[in-house]
file target.cif (mmCIF, C-alpha atoms and all ligand atoms)
data_data
#
loop_
_atom_site.label_atom_id
_atom_site.label_comp_id
_atom_site.auth_asym_id
_atom_site.auth_seq_id
_atom_site.Cartn_x
_atom_site.Cartn_y
_atom_site.Cartn_z
CA MET A 1496 9.71 -31.06 15.96
CA ALA A 1497 7.60 -33.97 17.19
CA LYS A 1498 9.43 -37.29 17.36
CA PRO A 1499 8.28 -39.97 14.87
CA ARG A 1500 5.72 -42.37 16.29
CA VAL A 1501 7.00 -45.96 16.32
CA ILE A 1502 5.39 -49.15 17.64
CA CYS A 1503 7.09 -52.45 18.47
CA THR A 1504 4.71 -55.38 18.31
CA ARG A 1505 6.75 -57.36 20.87
CA LYS A 1506 8.95 -56.81 23.90
CA TRP A 1507 12.57 -56.19 22.85
CA PRO A 1508 15.87 -56.43 24.78
CA ASP A 1509 16.10 -53.69 27.46
CA ARG A 1510 19.15 -51.98 25.95
CA VAL A 1511 17.42 -51.61 22.58
CA GLU A 1512 14.16 -50.42 24.14
CA ALA A 1513 16.10 -47.71 26.00
CA GLU A 1514 17.67 -46.53 22.71
CA LEU A 1515 14.30 -46.53 20.99
CA LYS A 1516 12.77 -44.45 23.78
CA ALA A 1517 15.58 -41.92 23.49
CA ARG A 1518 15.06 -41.42 19.77
CA PHE A 1519 11.37 -41.93 19.06
CA ASP A 1520 7.90 -41.54 20.50
CA VAL A 1521 7.70 -45.29 20.92
CA THR A 1522 4.99 -47.66 22.07
CA LEU A 1523 6.44 -50.88 23.45
CA ASN A 1524 4.57 -54.10 24.02
CA GLU A 1525 5.39 -54.69 27.71
CA ALA A 1526 2.83 -57.51 27.92
CA ASP A 1527 4.66 -59.25 25.04
CA VAL A 1528 1.41 -60.77 23.79
CA ALA A 1529 1.00 -60.92 20.00
CA LEU A 1530 -1.21 -58.15 18.59
CA THR A 1531 -4.49 -59.24 17.03
CA GLN A 1532 -5.00 -58.57 13.32
CA ASP A 1533 -7.26 -55.62 14.27
CA GLU A 1534 -4.60 -54.16 16.57
CA LEU A 1535 -1.99 -54.60 13.88
CA ARG A 1536 -4.24 -52.87 11.36
CA ALA A 1537 -4.77 -49.98 13.80
CA ALA A 1538 -0.99 -49.67 14.25
CA PHE A 1539 -0.64 -48.88 10.54
CA ASP A 1540 -3.13 -46.05 10.96
CA ASP A 1541 -1.61 -44.59 14.14
CA TYR A 1542 2.18 -44.92 13.80
CA ASP A 1543 4.83 -43.78 11.30
CA ALA A 1544 6.71 -47.07 11.54
CA VAL A 1545 5.63 -50.52 12.67
CA CYS A 1546 8.39 -52.82 13.99
CA THR A 1547 7.29 -56.38 13.38
CA THR A 1548 8.54 -59.89 14.11
CA VAL A 1549 8.08 -63.33 12.61
CA THR A 1550 4.91 -63.82 14.71
CA ASP A 1551 3.03 -60.93 13.04
CA ARG A 1552 0.93 -61.82 10.01
CA VAL A 1553 1.33 -58.66 7.99
CA ASP A 1554 -1.11 -59.37 5.19
CA ALA A 1555 -2.85 -57.21 2.57
CA ALA A 1556 -5.83 -56.50 4.85
CA VAL A 1557 -3.56 -55.21 7.61
CA MET A 1558 -1.70 -52.92 5.20
CA ALA A 1559 -4.55 -51.72 2.99
CA ALA A 1560 -4.40 -47.91 2.63
CA PRO A 1561 -2.54 -47.20 5.88
CA LYS A 1562 -3.40 -43.73 7.21
CA ARG A 1563 0.02 -43.05 8.68
CA ALA A 1564 2.65 -45.82 8.48
CA ARG A 1565 5.27 -45.71 5.73
CA LEU A 1566 7.80 -48.23 7.08
CA ILE A 1567 7.70 -51.82 8.29
CA ALA A 1568 10.94 -52.52 10.17
CA GLN A 1569 11.16 -56.27 10.69
CA PHE A 1570 13.11 -57.57 13.71
CA GLY A 1571 14.57 -60.59 11.89
CA VAL A 1572 16.26 -61.59 8.68
CA GLY A 1573 13.34 -63.67 7.37
CA PHE A 1574 10.30 -61.67 6.34
CA ASN A 1575 7.93 -64.24 4.84
CA ASN A 1576 5.35 -63.14 7.44
CA ILE A 1577 5.00 -59.94 5.41
CA ASP A 1578 3.12 -59.80 2.11
CA THR A 1579 5.79 -57.79 0.32
CA GLU A 1580 3.69 -57.33 -2.81
CA ALA A 1581 0.87 -55.78 -0.75
CA ALA A 1582 3.45 -53.60 1.03
CA ARG A 1583 4.68 -52.33 -2.31
CA LYS A 1584 1.10 -51.55 -3.39
CA ALA A 1585 0.46 -49.70 -0.13
CA SER A 1586 3.71 -47.69 -0.65
CA LEU A 1587 5.27 -49.16 2.48
CA ALA A 1588 9.03 -49.68 2.68
CA VAL A 1589 10.19 -52.90 4.38
CA THR A 1590 13.54 -53.49 6.10
CA ASN A 1591 15.05 -56.55 7.82
CA THR A 1592 18.14 -57.40 9.93
CA PRO A 1593 20.55 -59.52 7.86
CA GLY A 1594 24.10 -60.43 8.88
CA VAL A 1595 23.84 -60.07 12.62
CA LEU A 1596 22.22 -63.44 13.32
CA THR A 1597 24.28 -65.60 10.98
CA ASP A 1598 26.50 -67.26 13.60
CA ALA A 1599 23.77 -67.73 16.19
CA THR A 1600 21.50 -69.45 13.67
CA ALA A 1601 24.28 -71.66 12.29
CA ASP A 1602 25.13 -72.61 15.89
CA ILE A 1603 21.56 -73.81 16.40
CA ALA A 1604 21.65 -75.79 13.14
CA LEU A 1605 24.87 -77.44 14.32
CA THR A 1606 23.33 -78.08 17.74
CA LEU A 1607 20.38 -79.82 16.10
CA LEU A 1608 22.61 -81.89 13.81
CA LEU A 1609 24.75 -83.12 16.69
CA ASN A 1610 21.83 -83.66 19.04
CA VAL A 1611 20.07 -85.95 16.60
CA ALA A 1612 23.23 -87.69 15.38
CA ARG A 1613 24.39 -88.41 18.94
CA ARG A 1614 20.94 -89.12 20.43
CA THR A 1615 21.50 -86.67 23.28
CA TYR A 1616 17.78 -86.04 23.78
CA GLU A 1617 17.17 -89.74 24.32
CA GLY A 1618 20.12 -89.96 26.69
CA GLU A 1619 19.08 -86.97 28.75
CA THR A 1620 15.47 -88.13 28.91
CA MET A 1621 16.59 -91.53 30.15
CA LEU A 1622 18.93 -90.01 32.72
CA ARG A 1623 16.38 -87.53 34.08
CA ALA A 1624 13.84 -90.34 34.39
CA GLY A 1625 16.30 -92.18 36.64
CA GLU A 1626 16.55 -95.01 34.09
CA TRP A 1627 20.31 -94.95 33.54
CA THR A 1628 21.79 -98.10 34.97
CA GLY A 1629 25.37 -97.45 33.91
CA TRP A 1630 27.70 -97.47 30.88
CA ARG A 1631 27.19 -100.19 28.31
CA PRO A 1632 29.10 -100.75 25.04
CA THR A 1633 25.92 -100.79 22.96
CA GLN A 1634 23.92 -98.10 24.71
CA LEU A 1635 22.43 -95.27 22.63
CA MET A 1636 24.84 -95.58 19.76
CA GLY A 1637 24.41 -92.66 17.40
CA THR A 1638 26.10 -91.89 14.13
CA SER A 1639 29.42 -90.06 13.62
CA PRO A 1640 29.33 -87.00 11.34
CA GLN A 1641 33.04 -87.27 10.51
CA GLY A 1642 33.60 -88.21 6.90
CA LYS A 1643 29.87 -88.04 6.11
CA THR A 1644 28.26 -85.73 3.57
CA LEU A 1645 26.31 -82.63 4.57
CA GLY A 1646 23.89 -81.29 1.97
CA ILE A 1647 23.01 -77.63 2.36
CA ILE A 1648 19.94 -76.19 0.68
CA GLY A 1649 20.45 -72.43 0.34
CA MET A 1650 24.08 -71.27 0.44
CA GLY A 1651 23.58 -67.74 1.75
CA ARG A 1652 25.26 -66.33 4.84
CA ILE A 1653 23.80 -68.88 7.26
CA GLY A 1654 24.34 -71.82 4.90
CA LYS A 1655 28.00 -70.81 4.56
CA ALA A 1656 28.38 -70.46 8.33
CA MET A 1657 26.96 -73.97 8.75
CA ALA A 1658 29.30 -75.31 6.05
CA LYS A 1659 32.27 -73.72 7.84
CA ARG A 1660 31.35 -75.36 11.13
CA CYS A 1661 30.74 -78.78 9.64
CA TYR A 1662 33.82 -78.72 7.41
CA HIS A 1663 36.32 -77.47 9.97
CA ALA A 1664 34.95 -78.88 13.22
CA LEU A 1665 33.35 -82.09 12.00
CA ASP A 1666 35.45 -83.03 8.93
CA MET A 1667 32.36 -83.36 6.78
CA ARG A 1668 32.18 -83.26 2.99
CA ILE A 1669 29.93 -80.41 1.85
CA VAL A 1670 27.60 -80.37 -1.15
CA PHE A 1671 24.90 -77.80 -1.71
CA TYR A 1672 22.07 -76.47 -3.83
CA ASP A 1673 21.45 -72.80 -4.41
CA ALA A 1674 19.24 -71.23 -7.06
CA PHE A 1675 22.16 -68.96 -8.00
CA PRO A 1676 25.78 -69.81 -8.80
CA VAL A 1677 27.90 -69.51 -5.65
CA SER A 1678 31.53 -68.77 -6.52
CA ASP A 1679 32.87 -68.90 -2.96
CA ALA A 1680 31.24 -71.10 -0.34
CA GLY A 1681 33.98 -70.23 2.15
CA VAL A 1682 35.13 -73.87 2.42
CA PRO A 1683 35.62 -76.60 -0.18
CA ALA A 1684 32.10 -77.46 -1.26
CA GLU A 1685 30.47 -78.75 -4.40
CA GLN A 1686 27.45 -76.97 -5.86
CA LEU A 1687 25.03 -79.48 -7.42
CA GLY A 1688 22.43 -78.63 -10.03
CA THR A 1689 19.24 -79.71 -8.25
CA VAL A 1690 17.81 -80.23 -4.79
CA GLU A 1691 17.32 -83.90 -5.70
CA GLU A 1692 21.02 -84.37 -6.46
CA VAL A 1693 21.91 -82.99 -3.04
CA LEU A 1694 19.34 -85.15 -1.25
CA ALA A 1695 20.50 -88.30 -3.02
CA VAL A 1696 24.08 -88.09 -1.75
CA SER A 1697 23.69 -86.49 1.69
CA ASP A 1698 23.80 -88.21 5.06
CA PHE A 1699 22.68 -84.96 6.68
CA VAL A 1700 20.64 -82.20 5.05
CA SER A 1701 20.43 -78.72 6.53
CA LEU A 1702 17.95 -76.14 5.20
CA HIS A 1703 19.04 -72.52 4.91
CA CYS A 1704 16.81 -71.07 2.20
CA PRO A 1705 14.05 -68.48 2.80
CA GLY A 1706 10.51 -69.62 3.56
CA GLY A 1707 7.34 -68.68 1.69
CA GLY A 1708 6.72 -68.43 -2.05
CA GLU A 1709 8.16 -71.20 -4.15
CA ASN A 1710 9.97 -72.72 -1.16
CA VAL A 1711 6.73 -73.75 0.57
CA HIS A 1712 6.94 -77.56 0.88
CA LEU A 1713 10.22 -77.63 -1.02
CA ILE A 1714 10.86 -80.72 1.07
CA ASN A 1715 7.76 -82.78 0.29
CA ALA A 1716 6.97 -86.51 0.39
CA GLU A 1717 8.70 -87.13 -2.92
CA ARG A 1718 11.90 -85.36 -1.91
CA LEU A 1719 11.91 -86.99 1.52
CA ALA A 1720 11.73 -90.33 -0.29
CA ALA A 1721 14.69 -89.19 -2.42
CA MET A 1722 16.83 -88.76 0.69
CA LYS A 1723 19.18 -91.55 1.73
CA LYS A 1724 17.66 -94.09 4.11
CA GLY A 1725 18.66 -93.14 7.64
CA ALA A 1726 19.57 -89.54 6.70
CA ILE A 1727 19.03 -86.73 9.19
CA LEU A 1728 17.17 -83.54 8.24
CA VAL A 1729 17.84 -80.23 10.01
CA ASN A 1730 15.68 -77.12 9.68
CA SER A 1731 16.59 -73.82 11.31
CA ALA A 1732 15.19 -71.71 8.46
CA ARG A 1733 11.40 -71.64 8.13
CA GLY A 1734 8.82 -74.29 9.02
CA ASP A 1735 6.87 -74.04 5.77
CA ILE A 1736 9.85 -75.33 3.75
CA ILE A 1737 8.99 -78.85 4.97
CA ASP A 1738 5.65 -80.59 4.51
CA GLU A 1739 5.37 -81.53 8.19
CA ALA A 1740 2.82 -84.32 7.61
CA ALA A 1741 5.13 -85.90 5.03
CA LEU A 1742 8.05 -85.56 7.44
CA VAL A 1743 6.10 -87.37 10.16
CA ALA A 1744 5.25 -90.16 7.69
CA SER A 1745 8.87 -90.51 6.60
CA LEU A 1746 10.14 -90.64 10.20
CA ARG A 1747 7.43 -93.15 11.14
CA SER A 1748 8.29 -95.41 8.21
CA GLY A 1749 11.90 -95.42 9.31
CA HIS A 1750 13.12 -94.00 5.99
CA LEU A 1751 14.41 -90.82 7.55
CA GLY A 1752 16.79 -91.46 10.43
CA GLY A 1753 15.91 -88.35 12.41
CA ALA A 1754 15.15 -84.65 12.28
CA GLY A 1755 16.29 -81.57 14.15
CA LEU A 1756 13.76 -78.76 13.95
CA ASP A 1757 13.89 -75.21 15.27
CA VAL A 1758 10.97 -74.04 13.13
CA PHE A 1759 7.53 -75.45 12.37
CA GLU A 1760 4.80 -75.13 9.79
CA ARG A 1761 2.18 -73.70 12.16
CA GLU A 1762 4.18 -72.11 14.98
CA PRO A 1763 3.71 -72.24 17.88
CA LYS A 1764 1.80 -75.46 17.12
CA VAL A 1765 3.96 -78.52 16.64
CA ALA A 1766 2.63 -81.74 15.08
CA GLU A 1767 1.79 -83.91 18.07
CA ALA A 1768 3.32 -86.95 16.38
CA LEU A 1769 6.72 -85.22 16.40
CA THR A 1770 6.62 -84.55 20.13
CA SER A 1771 6.41 -88.24 20.91
CA MET A 1772 9.26 -89.32 18.60
CA ARG A 1773 12.63 -90.06 20.12
CA ASN A 1774 14.73 -89.48 17.01
CA VAL A 1775 13.82 -85.81 16.68
CA CYS A 1776 15.14 -82.77 18.48
CA LEU A 1777 12.60 -79.94 18.74
CA LEU A 1778 13.45 -76.36 19.68
CA PRO A 1779 11.12 -73.34 20.02
CA HIS A 1780 12.54 -71.14 17.21
CA LEU A 1781 15.75 -70.31 19.10
CA GLY A 1782 17.98 -69.64 16.07
CA SER A 1783 18.87 -66.05 16.91
CA ALA A 1784 18.17 -66.26 20.65
CA THR A 1785 21.37 -65.01 22.26
CA ILE A 1786 21.53 -61.73 24.17
CA GLU A 1787 24.26 -60.45 21.83
CA THR A 1788 22.36 -61.38 18.69
CA ARG A 1789 18.96 -60.08 19.78
CA GLU A 1790 20.55 -56.78 20.81
CA ALA A 1791 22.34 -56.58 17.45
CA MET A 1792 19.05 -57.27 15.66
CA GLY A 1793 17.38 -54.49 17.64
CA MET A 1794 20.21 -52.08 16.90
CA THR A 1795 19.92 -52.92 13.20
CA VAL A 1796 16.21 -52.09 13.30
CA LEU A 1797 17.15 -48.86 15.03
CA ALA A 1798 19.61 -48.03 12.24
CA ASN A 1799 16.91 -48.66 9.66
CA LEU A 1800 14.40 -46.46 11.50
CA THR A 1801 16.93 -43.68 12.00
CA ALA A 1802 17.95 -43.71 8.33
CA TYR A 1803 14.31 -43.61 7.31
CA PHE A 1804 13.39 -40.66 9.48
CA GLU A 1805 16.55 -38.78 8.47
CA GLY A 1806 15.62 -39.29 4.83
CA ARG A 1807 18.68 -41.43 4.07
CA ASP A 1808 18.91 -44.65 2.04
CA LEU A 1809 17.68 -47.59 4.10
CA PRO A 1810 20.60 -49.90 5.02
CA ASN A 1811 18.54 -53.09 4.85
CA ARG A 1812 15.70 -52.38 2.49
CA VAL A 1813 13.88 -55.41 1.06
CA VAL A 1814 10.94 -53.48 -0.45
C1 LIG B 1 14.83 -64.51 11.65
O1 LIG B 1 15.53 -63.54 11.87
O2 LIG B 1 14.38 -64.74 10.53
C2 LIG B 1 14.50 -65.39 12.80
O3 LIG B 1 13.97 -66.59 12.38
C3 LIG B 1 13.52 -64.69 13.72
O4 LIG B 1 12.49 -64.21 12.95
#
call {"tool": "encode", "arguments": {"input": "target.cif", "output": "structure tokens", "more": "lines below"}}
Ligand code: DGY
result
Amino acid sequence: MAKPRVICTRKWPDRVEAELKARFDVTLNEADVALTQDELRAAFDDYDAVCTTVTDRVDAAVMAAPKRARLIAQFGVGFNNIDTEAARKASLAVTNTPGVLTDATADIALTLLLNVARRTYEGETMLRAGEWTGWRPTQLMGTSPQGKTLGIIGMGRIGKAMAKRCYHALDMRIVFYDAFPVSDAGVPAEQLGTVEEVLAVSDFVSLHCPGGGENVHLINAERLAAMKKGAILVNSARGDIIDEAALVASLRSGHLGGAGLDVFEREPKVAEALTSMRNVCLLPHLGSATIETREAMGMTVLANLTAYFEGRDLPNRVV
């Protein structure tokens, strides 16, 4: 029997690509250049499964009446790049890769929090520029996280992993908002009723909710103003959760103390104003970027594909 035809829209870790080749008639994107919308559309006509990433805009036009594809296997936990309603209409199943990138993403959130709190970017920039003249008692004083309050928006797996790090390693008090009741946050943590209540009491706020839909601009000008003066905002979730223009304005005004961002509203574009600010730490969407994690994500996609083509229930079905 002919092997199922599968396409990956990006280059994947070598070990995963080798596994894919062994199991499927697979087309890999060696050039690792994003497919155009036309190429993506053609993939839905020519392949049984399309393996996508956060950089693919899988909209209704791309999915309309696909001639061949029946499965979209996303390499990632977030899938707000996929119009899930249109997928449903086009009878396409959608899977993602939850669980395997929890620690890596929480590590990046923690990295951002500490980088901004301790002004490491400013220090390193100064040092590399040859401007460090020696230790001084008042040089680059940051803020200590110990004893401060961390507000988490979205207490899913990654939110809980961030809470664990900040509670145990940094002695922080944890409060959080989640749309659903969370009976066990993993560490002592207080669930508050609204986003505003969390923002009002938090010295640090870390976002861990999904992007898209009703979370677009969840953190807008009004909510930024509701944050404590000098607070630090961390986003390792999705760029569209924050109104980036409002964030720039809040940082410029001095209301917000700093921001650590791994994701942006119009990736890979980053608001120019942010790139010239010293009190922000900017990373190129590195949340899940460890060899171990990216391989585990690939293997999870593989498990979803294999289940699909063997006619079994999909382990990580979202549509
Ligand atoms: C995820 O898994 O959602 C990461 O952000 C990469 O897409």
call {"tool": "closest_residue", "arguments": {"input": "target.cif", "among": "A:Ser1783, A:Lys1506, A:Val1528, A:Gly1594", "to": "Thr1795 in chain A", "atoms": "only C-alpha atoms"}}
result
A:Gly1594
call {"tool": "residues_near_ligand", "arguments": {"input": "target.cif", "ligand": "ligand LIG 1 (chain B)", "cutoff": "6 Å", "atoms": "only C-alpha atoms and all ligand atoms", "output": "CSV table (one decimal) with C-alpha atoms, keeping the file's coordinate frame"}}
result
chain,number,residue,atom,x,y,z
A,1548,THR,CA,8.5,-59.9,14.1
A,1549,VAL,CA,8.1,-63.3,12.6
A,1571,GLY,CA,14.6,-60.6,11.9
A,1572,VAL,CA,16.3,-61.6,8.7
A,1573,GLY,CA,13.3,-63.7,7.4
call {"tool": "atom_distance", "arguments": {"input": "target.cif", "atom1": "CA of Ala1585 in chain A", "atom2": "CA of Arg1812 in chain A"}}
result
15.7 Å
call {"tool": "atom_distance", "arguments": {"input": "target.cif", "atom1": "CA of Thr1597 in chain A", "atom2": "CA of Ile1653 in chain A"}}
result
5.0 Å
call {"tool": "closest_atom_pairs", "arguments": {"input": "target.cif", "of": "range 1618-1711 of chain A", "to": "range 1760-1777 of chain A", "cutoff": "10 Å", "atoms": "all atoms listed in the file", "output": "Markdown table"}}
result
| residue | atom | partner | partner_atom | distance |
| --- | --- | --- | --- | --- |
| A:Gly1618 | CA | A:Arg1773 | CA | 10.0 |
| A:Thr1620 | CA | A:Arg1773 | CA | 9.4 |
| A:Val1711 | CA | A:Glu1760 | CA | 9.5 |
call {"tool": "atom_distance", "arguments": {"input": "target.cif", "atom1": "CA of Leu1596 in chain A", "atom2": "CA of Ile1736 in chain A"}}
result
19.6 Å
call {"tool": "closest_residue", "arguments": {"input": "target.cif", "among": "A:His1703, A:Arg1614, A:Lys1584, A:Arg1510", "to": "Arg1733 in chain A", "atoms": "only C-alpha atoms"}}
result
A:His1703
call {"tool": "residues_around", "arguments": {"input": "target.cif", "residues": "Met1636 in chain A", "least_positions_apart": "3", "cutoff": "12 Å", "atoms": "only C-alpha atoms", "output": "number ranges by chain"}}
result
A: 1611-1615, 1617-1618, 1630-1633, 1639
call {"tool": "residues_around", "arguments": {"input": "target.cif", "residues": "Pro1705 in chain A", "least_positions_apart": "3", "cutoff": "12 Å", "atoms": "all atoms listed in the file", "output": "PyMOL selection string"}}
result
chain A and resi 1572-1576+1648-1654+1673-1674+1702+1708-1713+1730-1737
call {"tool": "closest_residue", "arguments": {"input": "target.cif", "among": "A:Ala1741, A:Leu1608, A:Glu1619, A:Ala1538", "to": "Gly1753 in chain A", "atoms": "all atoms listed in the file"}}
result
A:Leu1608
call {"tool": "residues_around", "arguments": {"input": "target.cif", "residues": "Ala1695 in chain A", "least_positions_apart": "4", "cutoff": "10 Å", "atoms": "only C-alpha atoms", "output": "VMD selection string"}}
result
chain A and resid 1646 1690 to 1691 1718 to 1724 1726
call {"tool": "residues_around", "arguments": {"input": "target.cif", "residues": "range 1558-1567 of chain A", "least_positions_apart": "4", "cutoff": "6 Å", "atoms": "all atoms listed in the file", "output": "list in words"}}
result
Phe1539, Asp1540, Asp1541, Tyr1542, Asp1543, Ala1544, Val1545, Cys1546, Ala1585, Leu1587, Ala1588 and Val1589 of chain A
call {"tool": "write_last_selection", "arguments": {"input": "target.cif", "atoms": "C-alpha atoms", "output": "PDB file, keeping the file's coordinate frame"}}
result
ATOM      1  CA  PHE A1539      -0.640 -48.880  10.540  1.00  0.00           C
ATOM      2  CA  ASP A1540      -3.130 -46.050  10.960  1.00  0.00           C
ATOM      3  CA  ASP A1541      -1.610 -44.590  14.140  1.00  0.00           C
ATOM      4  CA  TYR A1542       2.180 -44.920  13.800  1.00  0.00           C
ATOM      5  CA  ASP A1543       4.830 -43.780  11.300  1.00  0.00           C
ATOM      6  CA  ALA A1544       6.710 -47.070  11.540  1.00  0.00           C
ATOM      7  CA  VAL A1545       5.630 -50.520  12.670  1.00  0.00           C
ATOM      8  CA  CYS A1546       8.390 -52.820  13.990  1.00  0.00           C
ATOM      9  CA  ALA A1585       0.460 -49.700  -0.130  1.00  0.00           C
ATOM     10  CA  LEU A1587       5.270 -49.160   2.480  1.00  0.00           C
ATOM     11  CA  ALA A1588       9.030 -49.680   2.680  1.00  0.00           C
ATOM     12  CA  VAL A1589      10.190 -52.900   4.380  1.00  0.00           C
TER      13      VAL A1589
END
call {"tool": "axis_aligned_box", "arguments": {"input": "target.cif", "around": "range 1787-1805 of chain A", "padding_each_side": "8 Å", "output": "JSON"}}
result
{"center_x": 18.8, "center_y": -50.1, "center_z": 14.6, "size_x": 26.9, "size_y": 38.6, "size_z": 30.5}
call {"tool": "build_atoms", "arguments": {"input": "target.cif", "residues": "range 1674-1695 of chain A", "atoms": "N, CA and C atoms", "output": "tab-separated table (two decimals), in the frame of the given file"}}
result
chain	number	residue	atom	x	y	z
A	1674	ALA	N	19.86	-71.62	-5.79
A	1674	ALA	CA	19.24	-71.23	-7.06
A	1674	ALA	C	20.20	-70.40	-7.91
A	1675	PHE	N	21.20	-69.79	-7.26
A	1675	PHE	CA	22.16	-68.96	-8.00
A	1675	PHE	C	23.55	-69.58	-7.91
A	1676	PRO	N	24.42	-69.30	-8.90
A	1676	PRO	CA	25.78	-69.81	-8.80
A	1676	PRO	C	26.49	-69.18	-7.60
A	1677	VAL	N	27.17	-70.01	-6.82
A	1677	VAL	CA	27.90	-69.51	-5.65
A	1677	VAL	C	29.38	-69.72	-5.93
A	1678	SER	N	30.12	-68.63	-6.11
A	1678	SER	CA	31.53	-68.77	-6.52
A	1678	SER	C	32.41	-69.10	-5.32
A	1679	ASP	N	32.02	-68.64	-4.13
A	1679	ASP	CA	32.87	-68.90	-2.96
A	1679	ASP	C	32.00	-69.31	-1.77
A	1680	ALA	N	32.05	-70.60	-1.46
A	1680	ALA	CA	31.24	-71.10	-0.34
A	1680	ALA	C	31.98	-70.94	0.99
A	1681	GLY	N	33.21	-70.45	0.93
A	1681	GLY	CA	33.98	-70.23	2.15
A	1681	GLY	C	34.83	-71.43	2.54
A	1682	VAL	N	34.37	-72.63	2.18
A	1682	VAL	CA	35.13	-73.87	2.42
A	1682	VAL	C	34.98	-74.72	1.16
A	1683	PRO	N	35.82	-75.74	0.99
A	1683	PRO	CA	35.62	-76.60	-0.18
A	1683	PRO	C	34.22	-77.21	-0.16
A	1684	ALA	N	33.48	-76.98	-1.21
A	1684	ALA	CA	32.10	-77.46	-1.26
A	1684	ALA	C	31.68	-77.55	-2.71
A	1685	GLU	N	30.86	-78.56	-3.01
A	1685	GLU	CA	30.47	-78.75	-4.40
A	1685	GLU	C	29.02	-78.32	-4.61
A	1686	GLN	N	28.82	-77.39	-5.55
A	1686	GLN	CA	27.45	-76.97	-5.86
A	1686	GLN	C	26.84	-77.95	-6.86
A	1687	LEU	N	25.70	-78.53	-6.52
A	1687	LEU	CA	25.03	-79.48	-7.42
A	1687	LEU	C	23.85	-78.77	-8.08
A	1688	GLY	N	23.40	-79.34	-9.20
A	1688	GLY	CA	22.43	-78.63	-10.03
A	1688	GLY	C	21.00	-78.63	-9.53
A	1689	THR	N	20.64	-79.63	-8.71
A	1689	THR	CA	19.24	-79.71	-8.25
A	1689	THR	C	19.18	-80.12	-6.78
A	1690	VAL	N	18.04	-79.81	-6.18
A	1690	VAL	CA	17.81	-80.23	-4.79
A	1690	VAL	C	17.91	-81.75	-4.71
A	1691	GLU	N	17.34	-82.42	-5.71
A	1691	GLU	CA	17.32	-83.90	-5.70
A	1691	GLU	C	18.74	-84.47	-5.66
A	1692	GLU	N	19.64	-83.87	-6.44
A	1692	GLU	CA	21.02	-84.37	-6.46
A	1692	GLU	C	21.66	-84.26	-5.07
A	1693	VAL	N	21.36	-83.18	-4.39
A	1693	VAL	CA	21.91	-82.99	-3.04
A	1693	VAL	C	21.32	-84.03	-2.09
A	1694	LEU	N	19.99	-84.21	-2.16
A	1694	LEU	CA	19.34	-85.15	-1.25
A	1694	LEU	C	19.85	-86.58	-1.46
A	1695	ALA	N	20.12	-86.91	-2.70
A	1695	ALA	CA	20.50	-88.30	-3.02
A	1695	ALA	C	21.84	-88.69	-2.41
